[in-house]
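> Next comes the structure file coords-v5.pdb, holding PDB, C-alpha atoms.
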ATOM      1  CA  MET A   1      23.006  27.815 -13.713
ATOM      2  CA  GLU A   2      22.756  25.076 -11.104
ATOM      3  CA  GLU A   3      25.556  22.553 -11.346
ATOM      4  CA  GLN A   4      24.434  19.024 -12.188
ATOM      5  CA  LYS A   5      24.815  16.632  -9.277
ATOM      6  CA  LYS A   6      27.302  13.869 -10.014
ATOM      7  CA  ILE A   7      25.905  10.388  -9.479
ATOM      8  CA  LYS A   8      28.203   8.248  -7.352
ATOM      9  CA  LYS A   9      26.067   5.701  -5.533
ATOM     10  CA  ILE A  10      22.863   3.966  -6.628
ATOM     11  CA  GLY A  11      20.557   1.379  -5.108
ATOM     12  CA  VAL A  12      18.609  -1.306  -6.967
ATOM     13  CA  LEU A  13      15.682  -3.442  -5.811
ATOM     14  CA  THR A  14      12.984  -5.685  -7.234
ATOM     15  CA  SER A  15       9.444  -5.125  -6.028
ATOM     16  CA  GLY A  16       6.010  -6.721  -6.287
ATOM     17  CA  GLY A  17       5.439 -10.006  -8.085
ATOM     18  CA  ASP A  18       8.537 -11.655  -9.514
ATOM     19  CA  ALA A  19       8.937 -11.816 -13.278
ATOM     20  CA  PRO A  20      11.375 -13.807 -15.433
ATOM     21  CA  GLY A  21      14.055 -11.404 -16.639
ATOM     22  CA  MET A  22      14.404  -9.442 -13.409
ATOM     23  CA  ASN A  23      17.852 -10.955 -12.896
ATOM     24  CA  ALA A  24      18.957  -9.822 -16.342
ATOM     25  CA  ALA A  25      17.880  -6.283 -15.419
ATOM     26  CA  ILE A  26      19.757  -6.446 -12.101
ATOM     27  CA  ARG A  27      22.844  -7.702 -13.927
ATOM     28  CA  ALA A  28      22.669  -4.843 -16.430
ATOM     29  CA  VAL A  29      22.263  -2.219 -13.687
ATOM     30  CA  VAL A  30      25.178  -3.591 -11.657
ATOM     31  CA  ARG A  31      27.579  -4.021 -14.544
ATOM     32  CA  THR A  32      26.710  -0.728 -16.240
ATOM     33  CA  GLY A  33      27.059   1.053 -12.916
ATOM     34  CA  ARG A  34      30.415  -0.565 -12.196
ATOM     35  CA  TYR A  35      31.640   0.194 -15.712
ATOM     36  CA  PHE A  36      31.066   3.883 -14.971
ATOM     37  CA  ASP A  37      32.687   3.639 -11.514
ATOM     38  CA  LEU A  38      29.464   3.852  -9.509
ATOM     39  CA  ASN A  39      28.913   2.165  -6.173
ATOM     40  CA  VAL A  40      25.947  -0.176  -6.590
ATOM     41  CA  ILE A  41      23.942  -1.253  -3.545
ATOM     42  CA  GLY A  42      21.632  -4.248  -3.836
ATOM     43  CA  ILE A  43      18.531  -3.983  -1.652
ATOM     44  CA  ARG A  44      16.913  -7.277  -0.683
ATOM     45  CA  LYS A  45      13.167  -7.992  -0.405
ATOM     46  CA  GLY A  46      11.964  -4.917  -2.260
ATOM     47  CA  TYR A  47      10.738  -1.888  -0.334
ATOM     48  CA  ASN A  48      10.787  -4.009   2.823
ATOM     49  CA  GLY A  49      14.541  -4.263   2.487
ATOM     50  CA  LEU A  50      14.867  -0.517   1.984
ATOM     51  CA  ILE A  51      12.886   0.218   5.133
ATOM     52  CA  ASN A  52      14.821  -2.379   7.154
ATOM     53  CA  GLY A  53      18.251  -1.650   5.683
ATOM     54  CA  GLU A  54      18.806  -5.113   4.169
ATOM     55  CA  ILE A  55      21.557  -4.200   1.746
ATOM     56  CA  LYS A  56      24.812  -5.388   0.224
ATOM     57  CA  GLU A  57      27.282  -3.753  -2.120
ATOM     58  CA  MET A  58      27.264  -5.482  -5.493
ATOM     59  CA  TYR A  59      30.129  -6.079  -7.878
ATOM     60  CA  SER A  60      30.236  -7.452 -11.404
ATOM     61  CA  ARG A  61      31.052 -10.971 -10.194
ATOM     62  CA  ASP A  62      27.929 -10.944  -7.992
ATOM     63  CA  VAL A  63      25.773 -11.078 -11.103
ATOM     64  CA  SER A  64      27.673 -13.764 -12.988
ATOM     65  CA  ASN A  65      25.521 -16.629 -14.291
ATOM     66  CA  VAL A  66      22.217 -15.073 -13.207
ATOM     67  CA  MET A  67      20.694 -14.044 -16.533
ATOM     68  CA  ASN A  68      19.298 -17.523 -17.155
ATOM     69  CA  LEU A  69      17.631 -17.733 -13.740
ATOM     70  CA  GLY A  70      13.969 -17.059 -13.112
ATOM     71  CA  GLY A  71      12.791 -15.172 -10.033
ATOM     72  CA  THR A  72      15.037 -12.500  -8.563
ATOM     73  CA  ILE A  73      18.353 -12.892  -6.755
ATOM     74  CA  LEU A  74      17.485  -9.814  -4.682
ATOM     75  CA  HIS A  75      14.172 -11.397  -3.642
ATOM     76  CA  THR A  76      10.922  -9.494  -3.436
ATOM     77  CA  ALA A  77       8.052  -9.033  -0.995
ATOM     78  CA  ARG A  78       4.854  -7.087  -0.519
ATOM     79  CA  CYS A  79       5.328  -4.107   1.753
ATOM     80  CA  PRO A  80       2.210  -2.867   3.598
ATOM     81  CA  GLU A  81       4.322  -0.163   5.273
ATOM     82  CA  MET A  82       4.675   1.569   1.904
ATOM     83  CA  MET A  83       0.949   2.250   2.094
ATOM     84  CA  THR A  84       1.453   4.402   5.183
ATOM     85  CA  THR A  85       2.951   7.856   5.671
ATOM     86  CA  GLU A  86       5.251   6.523   8.385
ATOM     87  CA  GLY A  87       6.573   3.754   6.143
ATOM     88  CA  LEU A  88       7.199   6.102   3.230
ATOM     89  CA  ASP A  89       8.966   8.596   5.467
ATOM     90  CA  LYS A  90      11.165   5.845   6.875
ATOM     91  CA  ALA A  91      12.047   4.521   3.408
ATOM     92  CA  ALA A  92      13.047   8.013   2.282
ATOM     93  CA  ALA A  93      15.078   8.511   5.459
ATOM     94  CA  ILE A  94      16.996   5.239   4.950
ATOM     95  CA  TYR A  95      17.710   6.256   1.356
ATOM     96  CA  LYS A  96      19.338   9.437   2.656
ATOM     97  CA  ILE A  97      21.187   7.652   5.464
ATOM     98  CA  LEU A  98      22.682   5.297   2.853
ATOM     99  CA  SER A  99      23.808   8.373   0.861
ATOM    100  CA  LEU A 100      22.203   7.053  -2.301
ATOM    101  CA  ASP A 101      21.984   9.357  -5.301
ATOM    102  CA  ALA A 102      19.278   7.289  -6.999
ATOM    103  CA  LEU A 103      17.063   4.275  -6.463
ATOM    104  CA  ILE A 104      16.346   1.925  -9.385
ATOM    105  CA  VAL A 105      13.125  -0.041  -8.899
ATOM    106  CA  ILE A 106      12.383  -3.066 -11.078
ATOM    107  CA  GLY A 107       8.673  -3.824 -10.768
ATOM    108  CA  GLY A 108       5.104  -3.172 -11.846
ATOM    109  CA  ASP A 109       2.494  -0.452 -11.522
ATOM    110  CA  GLY A 110       2.208  -0.700  -7.736
ATOM    111  CA  SER A 111       5.967  -0.373  -7.415
ATOM    112  CA  TYR A 112       5.843   2.718  -9.610
ATOM    113  CA  ARG A 113       3.229   4.316  -7.372
ATOM    114  CA  GLY A 114       5.508   3.665  -4.426
ATOM    115  CA  MET A 115       8.276   5.436  -6.357
ATOM    116  CA  ALA A 116       6.044   8.453  -6.930
ATOM    117  CA  GLU A 117       5.487   8.821  -3.193
ATOM    118  CA  LEU A 118       9.212   8.464  -2.509
ATOM    119  CA  ALA A 119      10.013  11.042  -5.195
ATOM    120  CA  LYS A 120       7.849  13.551  -3.321
ATOM    121  CA  ARG A 121      10.126  12.924  -0.329
ATOM    122  CA  GLY A 122      13.355  13.677  -2.157
ATOM    123  CA  VAL A 123      14.233  10.220  -3.503
ATOM    124  CA  ASN A 124      15.566  10.187  -7.067
ATOM    125  CA  CYS A 125      13.716   7.211  -8.562
ATOM    126  CA  VAL A 126      14.110   5.264 -11.785
ATOM    127  CA  GLY A 127      11.606   2.597 -12.801
ATOM    128  CA  ILE A 128      12.177  -0.453 -14.979
ATOM    129  CA  PRO A 129       8.876  -2.166 -15.976
ATOM    130  CA  ALA A 130       8.719  -5.805 -14.902
ATOM    131  CA  THR A 131       5.432  -7.687 -14.636
ATOM    132  CA  ILE A 132       4.149 -10.751 -16.445
ATOM    133  CA  ASP A 133       0.701  -9.103 -16.767
ATOM    134  CA  LEU A 134       1.819  -6.372 -19.253
ATOM    135  CA  ASP A 135      -0.665  -4.066 -17.494
ATOM    136  CA  MET A 136       1.428  -0.890 -17.316
ATOM    137  CA  ASN A 137       0.062   2.196 -19.036
ATOM    138  CA  ASN A 138       3.287   3.769 -20.230
ATOM    139  CA  THR A 139       5.026   0.939 -22.043
ATOM    140  CA  GLU A 140       4.160  -1.588 -24.719
ATOM    141  CA  TYR A 141       6.487  -4.151 -23.166
ATOM    142  CA  THR A 142       7.133  -5.330 -19.627
ATOM    143  CA  ILE A 143       9.835  -7.758 -18.541
ATOM    144  CA  GLY A 144       8.495 -11.255 -17.919
ATOM    145  CA  PHE A 145       5.455 -11.162 -20.205
ATOM    146  CA  ASP A 146       7.066 -13.051 -23.066
ATOM    147  CA  THR A 147       8.263 -15.869 -20.805
ATOM    148  CA  ALA A 148       4.845 -16.149 -19.134
ATOM    149  CA  VAL A 149       3.092 -16.417 -22.496
ATOM    150  CA  ASN A 150       5.601 -18.988 -23.765
ATOM    151  CA  THR A 151       5.090 -21.046 -20.588
ATOM    152  CA  GLY A 152       1.340 -20.860 -21.151
ATOM    153  CA  MET A 153       1.690 -21.782 -24.810
ATOM    154  CA  ASP A 154       3.798 -24.820 -23.942
ATOM    155  CA  ALA A 155       1.194 -25.973 -21.415
ATOM    156  CA  LEU A 156      -1.632 -25.461 -23.918
ATOM    157  CA  ASN A 157       0.241 -27.445 -26.571
ATOM    158  CA  LYS A 158       0.614 -30.377 -24.195
ATOM    159  CA  LEU A 159      -2.982 -30.190 -23.019
ATOM    160  CA  ARG A 160      -4.205 -30.126 -26.618
ATOM    161  CA  ASP A 161      -2.227 -33.326 -27.294
ATOM    162  CA  THR A 162      -3.971 -35.235 -24.531
ATOM    163  CA  SER A 163      -7.356 -33.613 -25.204
ATOM    164  CA  SER A 164      -7.146 -34.698 -28.836
ATOM    165  CA  SER A 165      -6.206 -38.256 -27.867
ATOM    166  CA  HIS A 166      -9.222 -38.599 -25.542
ATOM    167  CA  GLU A 167     -11.565 -36.244 -27.450
ATOM    168  CA  ARG A 168     -11.874 -34.077 -24.352
ATOM    169  CA  CYS A 169     -12.366 -30.419 -23.591
ATOM    170  CA  SER A 170      -9.673 -28.576 -21.638
ATOM    171  CA  VAL A 171     -10.462 -25.458 -19.620
ATOM    172  CA  VAL A 172      -7.196 -23.722 -18.762
ATOM    173  CA  GLU A 173      -6.846 -20.879 -16.274
ATOM    174  CA  VAL A 174      -3.878 -18.588 -16.897
ATOM    175  CA  MET A 175      -2.606 -15.693 -14.796
ATOM    176  CA  GLY A 176      -4.063 -12.213 -15.105
ATOM    177  CA  ARG A 177      -6.060 -10.885 -12.174
ATOM    178  CA  ASP A 178      -7.073  -7.522 -13.623
ATOM    179  CA  ALA A 179      -5.702  -7.701 -17.159
ATOM    180  CA  GLY A 180      -6.289 -10.161 -19.966
ATOM    181  CA  TYR A 181      -3.096  -9.806 -21.993
ATOM    182  CA  ILE A 182      -1.753 -13.230 -20.991
ATOM    183  CA  ALA A 183      -5.118 -14.910 -21.611
ATOM    184  CA  VAL A 184      -5.652 -13.368 -25.038
ATOM    185  CA  TRP A 185      -2.098 -14.043 -26.180
ATOM    186  CA  CYS A 186      -2.189 -17.627 -24.886
ATOM    187  CA  GLY A 187      -5.557 -18.119 -26.537
ATOM    188  CA  MET A 188      -4.213 -16.886 -29.861
ATOM    189  CA  VAL A 189      -0.926 -18.790 -29.931
ATOM    190  CA  GLY A 190      -2.461 -21.902 -28.368
ATOM    191  CA  GLY A 191      -5.323 -22.081 -30.868
ATOM    192  CA  ALA A 192      -8.066 -21.810 -28.238
ATOM    193  CA  GLU A 193     -11.729 -21.989 -29.181
ATOM    194  CA  ASP A 194     -12.643 -19.268 -26.677
ATOM    195  CA  VAL A 195     -10.973 -16.856 -24.267
ATOM    196  CA  MET A 196     -12.403 -15.144 -21.211
ATOM    197  CA  PHE A 197     -10.633 -12.101 -19.806
ATOM    198  CA  PRO A 198     -11.542  -9.322 -17.331
ATOM    199  CA  GLU A 199     -11.789  -6.462 -19.846
ATOM    200  CA  GLU A 200     -14.427  -8.233 -21.912
ATOM    201  CA  LYS A 201     -16.053 -10.889 -19.739
ATOM    202  CA  ASP A 202     -16.044 -10.272 -16.017
ATOM    203  CA  THR A 203     -18.145 -13.392 -15.440
ATOM    204  CA  ILE A 204     -18.322 -16.695 -17.291
ATOM    205  CA  ASP A 205     -21.386 -17.308 -19.470
ATOM    206  CA  SER A 206     -21.313 -21.102 -19.475
ATOM    207  CA  LYS A 207     -24.281 -21.298 -21.863
ATOM    208  CA  GLU A 208     -22.418 -19.316 -24.511
ATOM    209  CA  VAL A 209     -19.328 -21.500 -24.159
ATOM    210  CA  ILE A 210     -21.342 -24.704 -24.276
ATOM    211  CA  GLN A 211     -23.213 -23.546 -27.383
ATOM    212  CA  GLN A 212     -19.855 -22.963 -29.062
ATOM    213  CA  ILE A 213     -18.618 -26.432 -28.080
ATOM    214  CA  LEU A 214     -21.799 -28.078 -29.400
ATOM    215  CA  ALA A 215     -21.502 -26.118 -32.650
ATOM    216  CA  ASN A 216     -17.888 -27.263 -32.945
ATOM    217  CA  ARG A 217     -18.937 -30.891 -32.425
ATOM    218  CA  SER A 218     -21.537 -30.591 -35.184
ATOM    219  CA  THR A 219     -18.764 -29.634 -37.617
ATOM    220  CA  GLY A 220     -16.649 -32.631 -36.614
ATOM    221  CA  LYS A 221     -14.342 -31.031 -34.047
ATOM    222  CA  ARG A 222     -13.576 -33.586 -31.342
ATOM    223  CA  HIS A 223     -11.614 -31.531 -28.828
ATOM    224  CA  ASN A 224     -11.874 -27.978 -27.469
ATOM    225  CA  LEU A 225      -9.588 -25.646 -25.570
ATOM    226  CA  ILE A 226     -10.978 -22.799 -23.467
ATOM    227  CA  VAL A 227      -8.664 -20.205 -21.848
ATOM    228  CA  VAL A 228      -9.810 -18.282 -18.766
ATOM    229  CA  ALA A 229      -7.956 -15.422 -17.045
ATOM    230  CA  GLU A 230      -7.694 -15.876 -13.286
ATOM    231  CA  GLY A 231      -9.482 -12.562 -12.738
ATOM    232  CA  VAL A 232     -12.607 -14.034 -14.309
ATOM    233  CA  GLY A 233     -12.458 -17.220 -12.220
ATOM    234  CA  GLY A 234     -15.011 -20.018 -12.149
ATOM    235  CA  THR A 235     -12.755 -22.381 -14.078
ATOM    236  CA  GLN A 236     -13.642 -25.539 -12.150
ATOM    237  CA  LYS A 237     -17.388 -24.853 -12.348
ATOM    238  CA  LEU A 238     -17.206 -24.170 -16.075
ATOM    239  CA  ALA A 239     -15.479 -27.496 -16.670
ATOM    240  CA  LYS A 240     -18.120 -29.279 -14.582
ATOM    241  CA  ASP A 241     -20.994 -27.568 -16.448
ATOM    242  CA  ILE A 242     -19.526 -28.442 -19.845
ATOM    243  CA  GLN A 243     -19.187 -32.125 -18.941
ATOM    244  CA  GLU A 244     -22.634 -32.409 -17.354
ATOM    245  CA  ILE A 245     -24.474 -30.745 -20.234
ATOM    246  CA  THR A 246     -22.536 -31.999 -23.266
ATOM    247  CA  GLY A 247     -21.346 -35.345 -21.999
ATOM    248  CA  ILE A 248     -17.829 -34.451 -23.205
ATOM    249  CA  GLN A 249     -15.112 -35.321 -20.709
ATOM    250  CA  THR A 250     -13.768 -31.984 -19.506
ATOM    251  CA  ARG A 251     -10.743 -31.219 -17.391
ATOM    252  CA  ALA A 252      -9.802 -27.956 -15.667
ATOM    253  CA  THR A 253      -6.139 -27.001 -15.382
ATOM    254  CA  ILE A 254      -4.927 -23.999 -13.392
ATOM    255  CA  LEU A 255      -1.426 -22.891 -14.381
ATOM    256  CA  GLY A 256      -1.102 -20.411 -11.520
ATOM    257  CA  HIS A 257       2.395 -19.382 -10.480
ATOM    258  CA  LEU A 258       3.925 -21.794 -12.963
ATOM    259  CA  GLN A 259       3.846 -18.817 -15.348
ATOM    260  CA  ARG A 260       5.932 -16.671 -13.002
ATOM    261  CA  GLY A 261       8.885 -19.041 -13.015
ATOM    262  CA  GLY A 262      11.318 -20.512 -15.467
ATOM    263  CA  SER A 263      14.324 -19.328 -17.407
ATOM    264  CA  PRO A 264      13.497 -16.079 -19.243
ATOM    265  CA  THR A 265      13.187 -16.088 -23.018
ATOM    266  CA  ALA A 266      15.681 -14.324 -25.274
ATOM    267  CA  THR A 267      13.161 -11.493 -25.706
ATOM    268  CA  ASP A 268      12.858 -10.912 -21.957
ATOM    269  CA  ARG A 269      16.629 -11.103 -21.471
ATOM    270  CA  MET A 270      17.218  -8.608 -24.270
ATOM    271  CA  HIS A 271      14.695  -6.025 -23.073
ATOM    272  CA  ALA A 272      15.733  -6.413 -19.431
ATOM    273  CA  SER A 273      19.400  -5.911 -20.296
ATOM    274  CA  MET A 274      18.760  -2.837 -22.434
ATOM    275  CA  MET A 275      16.384  -1.292 -19.904
ATOM    276  CA  GLY A 276      18.902  -1.806 -17.099
ATOM    277  CA  TYR A 277      21.574  -0.126 -19.191
ATOM    278  CA  TYR A 278      19.328   2.811 -20.132
ATOM    279  CA  ALA A 279      18.305   3.318 -16.500
ATOM    280  CA  VAL A 280      21.914   3.905 -15.442
ATOM    281  CA  LYS A 281      22.731   5.903 -18.580
ATOM    282  CA  ALA A 282      19.817   8.279 -17.936
ATOM    283  CA  LEU A 283      21.027   8.878 -14.375
ATOM    284  CA  LEU A 284      24.523   9.690 -15.618
ATOM    285  CA  GLU A 285      22.956  12.206 -18.003
ATOM    286  CA  GLY A 286      21.318  13.970 -15.062
ATOM    287  CA  ARG A 287      17.759  12.696 -15.424
ATOM    288  CA  GLU A 288      15.679  12.420 -12.252
ATOM    289  CA  ASN A 289      12.432  10.637 -11.358
ATOM    290  CA  ILE A 290      11.986   8.755 -14.583
ATOM    291  CA  VAL A 291      10.867   5.399 -15.961
ATOM    292  CA  ILE A 292      12.241   3.369 -18.837
ATOM    293  CA  ALA A 293       9.703   2.311 -21.471
ATOM    294  CA  TYR A 294       9.598   0.501 -24.799
ATOM    295  CA  ASN A 295       7.216   1.929 -27.389
ATOM    296  CA  LYS A 296       7.046   1.665 -31.178
ATOM    297  CA  GLY A 297      10.298  -0.249 -31.309
ATOM    298  CA  GLN A 298      12.299   2.281 -29.284
ATOM    299  CA  TYR A 299      13.450   2.561 -25.680
ATOM    300  CA  GLU A 300      12.238   5.768 -24.052
ATOM    301  CA  VAL A 301      12.946   7.739 -20.893
ATOM    302  CA  LEU A 302       9.699   9.162 -19.503
ATOM    303  CA  ASP A 303       8.901  11.431 -16.592
ATOM    304  CA  LEU A 304       7.649   9.297 -13.695
ATOM    305  CA  PHE A 305       4.539  11.345 -12.946
ATOM    306  CA  GLU A 306       3.566  11.751 -16.592
ATOM    307  CA  ALA A 307       4.008   8.007 -17.112
ATOM    308  CA  LEU A 308       1.601   7.214 -14.287
ATOM    309  CA  ASP A 309      -1.069   9.395 -15.907
ATOM    310  CA  MET A 310      -0.891   7.604 -19.273
ATOM    311  CA  LYS A 311      -3.754   5.353 -20.387
ATOM    312  CA  LYS A 312      -3.635   1.982 -22.100
ATOM    313  CA  SER A 313      -6.259  -0.542 -23.112
ATOM    314  CA  LEU A 314      -6.250  -4.066 -24.444
ATOM    315  CA  ASP A 315      -6.873  -4.279 -28.191
ATOM    316  CA  LYS A 316     -10.034  -6.358 -28.115
ATOM    317  CA  GLU A 317      -9.822  -7.027 -31.841
ATOM    318  CA  ILE A 318      -7.273  -9.700 -30.928
ATOM    319  CA  TYR A 319     -10.141 -11.579 -29.270
ATOM    320  CA  ASP A 320     -12.169 -11.316 -32.475
ATOM    321  CA  VAL A 321      -9.238 -12.811 -34.365
ATOM    322  CA  VAL A 322      -9.022 -15.684 -31.869
ATOM    323  CA  LYS A 323     -12.677 -16.479 -32.570
ATOM    324  CA  ILE A 324     -12.288 -16.221 -36.346
ATOM    325  CA  LEU A 325      -9.248 -18.460 -36.401
ATOM    326  CA  SER A 326     -10.845 -21.056 -34.128
ATOM    327  CA  ILE A 327     -13.562 -21.916 -36.671
TER     328      ILE A 327
END
As structure tokens, how would this structure be written, given the file I've shared?


Amino acid sequence: MEEQKKIKKIGVLTSGGDAPGMNAAIRAVVRTGRYFDLNVIGIRKGYNGLINGEIKEMYSRDVSNVMNLGGTILHTARCPEMMTTEGLDKAAAIYKILSLDALIVIGGDGSYRGMAELAKRGVNCVGIPATIDLDMNNTEYTIGFDTAVNTGMDALNKLRDTSSSHERCSVVEVMGRDAGYIAVWCGMVGGAEDVMFPEEKDTIDSKEVIQQILANRSTGKRHNLIVVAEGVGGTQKLAKDIQEITGIQTRATILGHLQRGGSPTATDRMHASMMGYYAVKALLEGRENIVIAYNKGQYEVLDLFEALDMKKSLDKEIYDVVKILSI
């Protein structure tokens, strides 16, 4: 029987778009690793930092007072080189030169696909899901989503206040290029009259929205809130069309990267901390090329390649509920 390789040295990086809670995950990885006498190497600027050797050894004190911070203390960046054979080969070579026994990657679906290519080159990879878009097939929860939705909800609450005062319509664009989770959740918790998201409406039907607004006015409703996912677009034009046709003052607000920042919620801090712990624990138990997931109320350790093949879809019934509750 082959003897299990003892883990002694691990690397950790954050990759892709930043997400609130990434720092809590880094903190958990570093402190769990140090608790079990592992050398922990922080890699700056994501895969770029791995390729260029931008590293520093991390100790428990290095992650003091970071859990409340948004963004990522290790920084992140897009890495076009990871799309090339040469870049992947170099990343794997640096991993071996650094004598790492595992690489923990905190990021989204694109980061996971980078891990899969590295795993084929002998890199022992562990993924922790972190993206505000919640668009990962293998997990019901991703770090940063809860904070992004709460930021959106807070903005919608404030916009509803001023829209009510002036009897206006607010058209609010939230983040979500290819997935509508943020839009649908913000629409639900913000009490929106309508939501447009990529899975259901890839283009805006201004006539349909305007008909809804006119119907609302006939029942005495004096303000309206429309949520649009960025992947649908056309927010400014929709606002202009509504005002020109209905005569109702309409304002467009684009939240943009506002939803990426801010101190993470308790939910994001909790999941990030537990996922960071489970990532190190799984490595100590001899697991290789895995991802951490949260499904049906439980943390899971899944095979990396199986996880990438899993399918997930947005429950569109939530949209139906948004419409029912907006009446």

> Of the candidates A:Ile132, A:Val40, A:Leu50, A:Val232, which one gets nearest to Pro198 of chain A if we count only C-alpha atoms?

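So, comparing all the options, the nearest one is A:Val232.
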
> Taking only residues of segment 91-160 of chain A that have an atom at most 9 Å from an atom of segment 274-284 of chain A, what is each one's shortest atom pair and its distance in Å to one decimal, using all atoms listed in the file, in chain and number order, as CSV?


residue,atom,partner,partner_atom,distance
A:Ala102,CA,A:Leu283,CA,7.7
A:Ile104,CA,A:Ala279,CA,7.5
A:Ile106,CA,A:Gly276,CA,9.0
A:Val126,CA,A:Ala279,CA,6.6
A:Gly127,CA,A:Ala279,CA,7.7
A:Ile128,CA,A:Met275,CA,6.5
A:Pro129,CA,A:Met275,CA,8.5

> Near His271 of chain A, counting only C-alpha atoms, which residues have an atom at most 10 Å away, once you skip same-chain residues fewer than 3 positions from it, shown as a ChimeraX atom specification?

/A:21,24-25,129,141-144,266-268,274-277,293-294,299

> Give the padded box for segment 253-263 of chain A as AutoDock Vina command-line options: axis-aligned, covering all atoms listed in the file, 3 Å on each side, centre and edge lengths in Å to one decimal.


--center_x 4.1 --center_y -21.8 --center_z -13.9 --size_x 26.5 --size_y 16.3 --size_z 12.9

> Determine, counting only C-alpha atoms, every residue of protein, DNA or RNA that lies within 6 Å of (9.1, -8.5, -0.1) in the file coordinates, then give the result as a list in words.

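So the residues meeting the distance criterion are Lys45, Gly46, Asn48, Thr76, Ala77 and Arg78 of chain A.
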
> For each of A:Asp62, A:Asp133, A:Glu200, A:Asp161, take the minimum atom-to-atom distance to Asn23 of chain A, counting all atoms listed in the file, then give the residue where this is smallest.

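Closest candidate: A:Asp62.
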
> Residues near Asn289 of chain A, anyone? I mean within 10 Å using only C-alpha atoms, not counting same-chain ones fewer than 2 positions away, as a list in words.

Ala102, Leu103, Ile104, Met115, Ala116, Leu118, Ala119, Lys120, Gly122, Val123, Asn124, Cys125, Val126, Gly127, Leu283, Arg287, Val291, Val301, Leu302, Asp303, Leu304 and Phe305 of chain A

> Between atom CA of Ile26 of chain A and atom CA of Glu81 of chain A, what is the distance, to one decimal in Å?

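Result for atom CA of Ile26 of chain A versus atom CA of Glu81 of chain A: 24.1 Å, one decimal.
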
> Expressed in Å to a single decimal, how great is the separation between atom CA of Phe197 of chain A and atom CA of Ala183 of chain A?

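Interatomic distance, atom CA of Phe197 of chain A to atom CA of Ala183 of chain A: 6.4 Å.
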
> Output as a tab-separated table one row per residue of segment 57-160 of chain A within 12 Å of segment 165-177 of chain A: the closest atom pair and its distance in Å to one decimal place, counting all atoms listed in the file, sorted by chain and residue number ascending.


residue	atom	partner	partner_atom	distance
A:Thr131	CA	A:Gly176	CA	10.5
A:Ile132	CA	A:Gly176	CA	8.4
A:Asp133	CA	A:Gly176	CA	5.9
A:Leu134	CA	A:Gly176	CA	9.3
A:Asp135	CA	A:Gly176	CA	9.1
A:Phe145	CA	A:Met175	CA	10.7
A:Ala148	CA	A:Met175	CA	8.6
A:Val149	CA	A:Val174	CA	9.2
A:Asn150	CA	A:Val174	CA	11.7
A:Thr151	CA	A:Val174	CA	10.0
A:Gly152	CA	A:Val174	CA	7.1
A:Met153	CA	A:Val174	CA	10.2
A:Ala155	CA	A:Val172	CA	9.1
A:Leu156	CA	A:Val172	CA	7.8
A:Asn157	CA	A:Ser170	CA	11.1
A:Lys158	CA	A:Ser170	CA	10.8
A:Leu159	CA	A:Ser170	CA	7.0
A:Arg160	CA	A:Ser170	CA	7.6

> Keeping only C-alpha atoms, take the residues you just selected and write them out as a PDB file, in the coordinates of the input.


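To be explicit, this is the file written out as part_2.pdb:
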ATOM      1  CA  THR A 131       5.432  -7.687 -14.636  1.00  0.00           C
ATOM      2  CA  ILE A 132       4.149 -10.751 -16.445  1.00  0.00           C
ATOM      3  CA  ASP A 133       0.701  -9.103 -16.767  1.00  0.00           C
ATOM      4  CA  LEU A 134       1.819  -6.372 -19.253  1.00  0.00           C
ATOM      5  CA  ASP A 135      -0.665  -4.066 -17.494  1.00  0.00           C
ATOM      6  CA  PHE A 145       5.455 -11.162 -20.205  1.00  0.00           C
ATOM      7  CA  ALA A 148       4.845 -16.149 -19.134  1.00  0.00           C
ATOM      8  CA  VAL A 149       3.092 -16.417 -22.496  1.00  0.00           C
ATOM      9  CA  ASN A 150       5.601 -18.988 -23.765  1.00  0.00           C
ATOM     10  CA  THR A 151       5.090 -21.046 -20.588  1.00  0.00           C
ATOM     11  CA  GLY A 152       1.340 -20.860 -21.151  1.00  0.00           C
ATOM     12  CA  MET A 153       1.690 -21.782 -24.810  1.00  0.00           C
ATOM     13  CA  ALA A 155       1.194 -25.973 -21.415  1.00  0.00           C
ATOM     14  CA  LEU A 156      -1.632 -25.461 -23.918  1.00  0.00           C
ATOM     15  CA  ASN A 157       0.241 -27.445 -26.571  1.00  0.00           C
ATOM     16  CA  LYS A 158       0.614 -30.377 -24.195  1.00  0.00           C
ATOM     17  CA  LEU A 159      -2.982 -30.190 -23.019  1.00  0.00           C
ATOM     18  CA  ARG A 160      -4.205 -30.126 -26.618  1.00  0.00           C
TER      19      ARG A 160
END

> Between A:Pro264, A:Gly191, A:Gly16, A:Gly107, which is the closest to Val321 of chain A once you count only C-alpha atoms?

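The answer is A:Gly191, which sits nearest to Val321 of chain A.
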